[in-house]
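Notes follow the structure.
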Amino acid sequence: MVEPVATSGGISPCCYQHAVTADAIFCGECGKPLLRCMAHEECGGLVGDDGCCNVCVRPQLYLDKDAVTEVKTGGVLVLPLVFYNASGVGRPLFITDVWVREGEGARRKIELPWKRLDAGGSNRLNVQTGALERQGRHGIEITFAAATNYFMREERFCFTSSLSLEVEQGGSLVINQTINSSGIGAGSDTVYAPIRLETQGETRKAAIGGKAAELGLQRADNFEAAQGIRGYTEGPLKGVVVSRGARLVWKGFSAEDAPPGPITTRDGIFAMGRGRSSRAGGDNQLQLLVTDAAGAVDEPLSQAISRRHLEFFIQGGRLCARVTGQAGVMIGDHKHGADDALAVIGNGDVIRVLPKYPEALTLQVRMRANYGSVEEITITRVPPMQASATQQGTPR
Amino acid sequence: MKTEQLIVSDPRLLAEFIGPESFKAVFEARYEVPPDHLGLLMRNGQFVEAYKGAHFSVGGLFNQMKGLIGGSTSISVLIADLKTFQSFYDVVATTKDKVDVTGTVVLDLQINPEKPQNILGMMQQRRSLTKEDAAARIRSHGWERVFEAALSRVNANEVRGNKGLQDMMQADLMKECERIAGDLGLMVRAASVNFAVNEVEKQEAARAAAIRETDKLEFEFVTLKRDLEREHETTVFRMNNKTGVDKLSINNLEDVRRLVLDRDTAFDDARETGRRIAEMKQMGHDIDKVKAAQLAKLEGDIRQATHDGVDLKVVNERKRVIERNTEELDRSHQLTLRSLERDYDRETRELQRDERRDDREFDREGRQLDRTEQRGNRLEDREDLKTQRREDRDYDRETREKELGTREKERDFGFDGRRKEVDVADKEEYARLARQRETDKVALDKLKGLAGLEAEQERERLTRRIREADAAHDRDMDQRKLEAQREADRLVLGAKMTPEQILAVNAGLSPAVAKILEEQAKAQGVDKNAQMDLMRQMVEQANRARVSSEEQARAMFNSGMQGAVGVAAGAGGKAGAGNGVAPGEAAVECPKCTRVNPAKAKFCVGCGEQLRR
C-alpha cells in the first residue's frame, strides 16, 4: 500500500505494540518516547515530531475520470479533483483551504463549497487553470489544508501535489501551396493545392481509459510555516515550529517531580495544578504549589490554585495553554480566564499562575530553535521550589 | 439737413422712451428710425404713428409759428428693438426615474411686430425695458409648467437628443408665452434646452467606456488567440501526473477500496516491470557483450587458422601463382614448340636441298655414265648403276623419312609429356587446394560449433535467469498483492471496526483475533473504559503469546488469560492494573523507576531506562 501521507517520524510497529499499554511512556523495544495522537482513545495512533497521525489523517487526492487532458494553445483546463478520506478509524477530515499554483505564479485560493470529509467519503472539486498560451511544460501545484479535530483541539496539515502539462507536437498543419503548370500551346494554369499534413499522434485520452488517477501527496511543511498554518506567525519565532517531541525542561522544580522530556500522556496534555502529580497517584503531571522564601508551602495562596489549573499541549506547531483554573492565569500582560480556552505561548512569555498575586508563582518560558524547529522548551519556576516543599503537607 | 438716427441707447434694452425735451430745438430736426427698430410717435399722449424704417422731422420755424398760433404740442417717441434676442438661464428638473437633470434654456424672444405698442404694458415708469426683464416674465411660469412637466415623462437616459421632447417643450413654452405675454407684444420664436450630463448618463458613459474597453480587450484577445491558433495550430497539450496513471472509479466506497488495491497493484507491477525492463536491457547488453566477445574470439581463431594457410586470400594468391606458373609454362611450351617447328622446317629444307643436290649429282653421274656407255658401250652397267643408285637414294630417303618421323615422334612425345606433367602438377595442386579447403572448412565448422555451443549455453543461462527473475517477480507480485489485499481488507474492515478492534489491529493482531478480543472485553468489561483497558491487556497478552489465529485466541482465554482479565475486571478496569507483564511471565524491575517490565524488554516503558543491550 502506497502511503499517501509521509510516515511521520518513522514510527515502528514495536512502538504501536507498546503503546497498547496505557501507562507506557517509552517503547520497550526501541526506547523511543511514545507520542500519542490527541485522539488516541479513538484511533490508537502515534505521531512523529510533526504531530501528524497517520491513522487519523489519511487524505487522498484523485484526478477524476472526466479529466480532459488535451487543450490547445490559449485554452484553459478544468481539473476535476476528488478528495477522499482514507481514514480507517472513522475520523472525519476537514478540508479548510485549497490553493492552486500555475508555474511560477502566485498561489490562487479556491473557494470551497464544502468542508467536512467523512471517513471513506469523497468530495469533488473542479479547479480551472488560466489560459495556457505558451507551449512547453506547464506545472500545476495543488495544495490543500486538512484539519482533524478532537474535542477542543485541532491540528491542520498541508499536503501538496504536482501535475505537469506536457506539450507534444500534434494536430493538423495546413500548408497552402501554389502550383503553376504550363504547357506548350495550352497557356498556363495556376492551381491552388492546399495540403493537410496529419501529424497528430495518439491521444492521451485513450490511454487514460476513462478512469481516475491518484495524485501523489506530499506534506507541505514549508508552506505550512510560511502561511502560519503551523508554527509561530510573529515575533522572533516567526516561521518556527515546535516539534511534537520537544523536551520540556523544568527548572525550579525538583527533578523527581518534573523530569525533562516530551509530553507523553495519552491525550498529549501536560496538566498542572494543586492536585498531586501522577507519580503521587494524582491526575496532574506536575503539582503547582506556592512556597514562601523559606521553602514552606503557603497554604492560603496554594488554595487559590485550582486542582487542575493549567494545561500545556503542543498544537499546530505551537506551545499552547488552556486555562482550567477558576482564578485564571496571566500570560504576559493578558489575563486568561476559564473562558479563554486557548492561549499561544511564545518565547519569553511569563505565566503568572495567580493573577491576583503575580509574584507568588510564575513560570518563565524559553524556547530554543534550531533550523526552524524548537526541540527544547525550558520552563523556569520563580521562585524556585525548595526540595523540602513537596515533602510537607500539601493541600488537596 | 443732418438726420439723427433713433435707436435704443443700450444694447441690453428692448425698448426705450425718448422724451419731449430731446426734441426741443430752434430749428427743425430730422430723425430716422432704422428698419430693425420701431418708432412710436406720441403726441400729446396719443399714438400718432408707428414707424418702421421711416424718418420724421421735429421743430423748426414753421412748427414754432404753428405752435404760437394753435398752441404747443408734446412729442415723445418710443423706440423698440424689433430683432430677436436670446435669453439663457439654467433649469433643474426631475426625470421620471427621479434623477435631477440640469439644463440651459435658450429662448429666442421678439417684440410682436404686429402690435408693438403693447410692449408698453411691460415697461416700468415709461422709461425703458430691458431684454432680461422681458425674459424674466416668462421664466418662472415656464419652469414648472413646461420643463418639469416635460421631463417628468421621460427617464434620465432619454433626454439626450430627444427631438420630440425639445419640440414639446418649445411648443409648450410658446403657448405659455402667448398666454402670459401675448397681449403684451412679446412672442417666443424658439426655445430649446441644452441638458447637462446627468448621473445616469455618466454611469452609462462609464459603462459604455468599460464595454468599449472590454470589447477592445476581447478583440485583442481574439486577435491574439487567433494568432496563437494560427501559430500553434498543431500544438496540443497533454497532461501527465507524476504518479502515473492509476485508475479507479469512485462511485461508491467499495469502488474506491477496490481501485486503491488495483492502483497499488498496478503501480507495483509497473515499477517491477520497469525494473525487469532494466534487467532485460542489462541482459541484452550482456548477450551483446558475449556475442561480441565470441565473434572477436572466432575472428581471432580464424586469424590464427589463416597462419595454417586457410586464408582464402592466400589460397587465391597461390592459385594466381599457379595460374601464373601455368601461363609461364604454356608460354615456354609455345616457345619451345615454335623452336621445334622452326628446327623441323629447317631440317626439312636441308633434306630437300640434299635431295635436290643428290638428284643433280645422280643426273650428273647418269650423264657421265651415258657418256661413258656411249663411250665404252657400257649401257647395261650404267643402267644397273642407275638402278643401284636409285635404290640407294630411295633407301636413303626412307631412312631419312624414318629419322624425321622418329624425330617428330620424339618431339611430339616430349611436348605431350611436358603437357602431361603440367596437367599432373595442376591437378595435384588443385587436389591439394581442395584438400586444404576441405580441411579448412572442417576446422571452421568446428570453431563455429564451439562458438555456437558457448552462445547457446549463454543464452540458456540468460533464459534461465529471466525465468528465475520472472518467477521471483511473480512471487513478489503475489506477495504484494496479498499485502495490498490485506491492507485493503484492513481498510474495509477498519471502516467498520470499533476502537477496540482498531487498537488490536494497529498492535499487529489479525482482525479475527481482534474480534475475539473485543468480544471477550465486552463480555467482561463493566463499562466502556473498562472494556478498553481490558482490551489493552488482552492485546498485550496476545502479542506476547504471538496469537495469530482465532483458535489460538480462544485457547489463550481458556487457559491463562482468564485470571488476568478477572483480576483486571475485578479492579474496575483501571488503567495500569498490570505493568504489561503477564502472570507467570519473566519480569525485570527497572533499577531507575522500579517499574516491572517484561524480561525481554530492552527499555523500561516507564522511564525509558535501558534494561539490556
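By order of appearance in the C-alpha cells: chains A, B, ..., then residues from 1 within every chain, and ligands from 1 in the order shown.
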
Original post:
Quick one: residues within 10 Å of range 323-338 of chain A, only C-alpha atoms counted, chain neighbours fewer than 4 positions away excluded, as a VMD selection string?
Top reply: chain A and resid 271 to 274 304 to 312 342 to 346 348 to 356 358 362 to 364

Subject >> Long-range neighbours of range 226-230 of chain A as a ChimeraX atom specification, 10 Å cut-off, only C-alpha atoms, 3 positions minimum in chain >> reply: /A:50,145,155-158,220-223,233-234,238-242,315-318

Give me the residues within 6 Å of Ile142 in chain A as a short mmCIF file (atom, residue, chain, number, x, y, z; two decimals) with C-alpha atoms, in the first residue's frame, counting only C-alpha atoms and dropping any in the same chain fewer than 4 places off.
```cif
data_model
loop_
_atom_site.label_atom_id
_atom_site.label_comp_id
_atom_site.auth_asym_id
_atom_site.auth_seq_id
_atom_site.Cartn_x
_atom_site.Cartn_y
_atom_site.Cartn_z
CA TRP A 99 -4.63 26.62 -3.33
CA VAL A 100 -3.62 26.28 -6.94
CA THR A 160 0.62 19.26 -1.99
CA SER A 161 0.60 17.52 -5.30
#
```

**OP:** List the neighbours of range 157-172 of chain B out to 8 Å using only C-alpha atoms; skip same-chain residues closer than 2 positions along the sequence, and give me the result as JSON, numbers by chain.
**Re:** {"B": [146, 147, 150, 151, 154, 155, 174, 175, 176, 190, 191, 192, 193, 195, 200, 201]}

Original post:
Looking at only C-alpha atoms, which of A:Gly121, A:Gly10, A:Pro113, A:Gly372 is the one that sits closest to chain B?
Top reply: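 That would be A:Gly121, the residue with the smallest distance to chain B.
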
**OP:** Find the residues near Leu112 in chain A: any atom within 12 Å, counting only C-alpha atoms, skip ones fewer than 6 places away on the same chain, and give them as an MDAnalysis selection string.
**Re:** chainID A and resid 83 94:99 123:127 144:145

Mind dumping a table of every range 256-320 of chain A residue within 9 Å of range 377-383 of chain A, with the nearest atom pair and its distance in Å to one decimal, using only C-alpha atoms, sorted by chain and rising number, as JSON lines?
```
{"residue": "A:Val290", "atom": "CA", "partner": "A:Pro383", "partner_atom": "CA", "distance": 8.8}
{"residue": "A:Thr291", "atom": "CA", "partner": "A:Pro383", "partner_atom": "CA", "distance": 8.0}
{"residue": "A:Asp292", "atom": "CA", "partner": "A:Pro383", "partner_atom": "CA", "distance": 8.6}
{"residue": "A:Ala293", "atom": "CA", "partner": "A:Pro383", "partner_atom": "CA", "distance": 8.2}
```

Original post:
Which polymer residues have any atom within 9 Å of an atom of Val57 in chain A, counting only C-alpha atoms, with same-chain residues fewer than 4 positions away left out, as a ChimeraX atom specification?
Top reply: /A:5,52-53,85-87,91-93,146-148,157

Env of range 535-545 of chain B: 6 Å cut, atoms = only C-alpha atoms, seq-sep filter 4 positions within chain, self excluded. Answer as a tab-separated table (two decimals) with N, CA and C atoms, in the first residue's frame.
```
chain	number	residue	atom	x	y	z
A	20	VAL	N	0.03	0.08	23.39
A	20	VAL	CA	-1.21	-0.53	23.86
A	20	VAL	C	-1.29	-0.43	25.38
B	504	ALA	N	-6.35	-3.30	18.48
B	504	ALA	CA	-5.69	-4.60	18.33
B	504	ALA	C	-5.03	-4.73	16.96
B	521	ALA	N	-13.67	-8.66	25.76
B	521	ALA	CA	-13.64	-7.41	26.53
B	521	ALA	C	-15.05	-6.91	26.80
B	531	GLN	N	-13.75	-1.75	29.34
B	531	GLN	CA	-13.58	-2.59	28.14
B	531	GLN	C	-12.29	-2.23	27.42
```

**OP:** Could you please write out, as JSON, numbers by chain, every residue of range 112-233 of chain B that DSSP assigns to strand (DSSP E or B)?
**Re:** {"B": [124, 128, 129, 130, 186, 187, 188, 189, 190, 191, 192, 193, 194, 195]}

Prev. selection, C-alpha atoms, output as an mmCIF file, in the first residue's frame:
```cif
data_model
loop_
_atom_site.group_PDB
_atom_site.id
_atom_site.type_symbol
_atom_site.label_atom_id
_atom_site.label_comp_id
_atom_site.auth_asym_id
_atom_site.auth_seq_id
_atom_site.Cartn_x
_atom_site.Cartn_y
_atom_site.Cartn_z
ATOM 1 C CA GLN B 124 -41.899 100.258 -15.843
ATOM 2 C CA SER B 128 -37.114 101.591 -20.647
ATOM 3 C CA LEU B 129 -37.491 97.843 -20.805
ATOM 4 C CA THR B 130 -34.506 95.553 -20.695
ATOM 5 C CA LEU B 186 -43.788 89.693 -26.646
ATOM 6 C CA MET B 187 -43.558 86.458 -28.526
ATOM 7 C CA VAL B 188 -41.357 83.335 -28.378
ATOM 8 C CA ARG B 189 -39.811 82.435 -31.638
ATOM 9 C CA ALA B 190 -37.828 79.391 -30.479
ATOM 10 C CA ALA B 191 -36.926 77.559 -27.342
ATOM 11 C CA SER B 192 -34.627 74.684 -26.595
ATOM 12 C CA VAL B 193 -32.882 73.145 -23.656
ATOM 13 C CA ASN B 194 -29.303 72.011 -23.594
ATOM 14 C CA PHE B 195 -29.115 69.314 -20.973
#
```
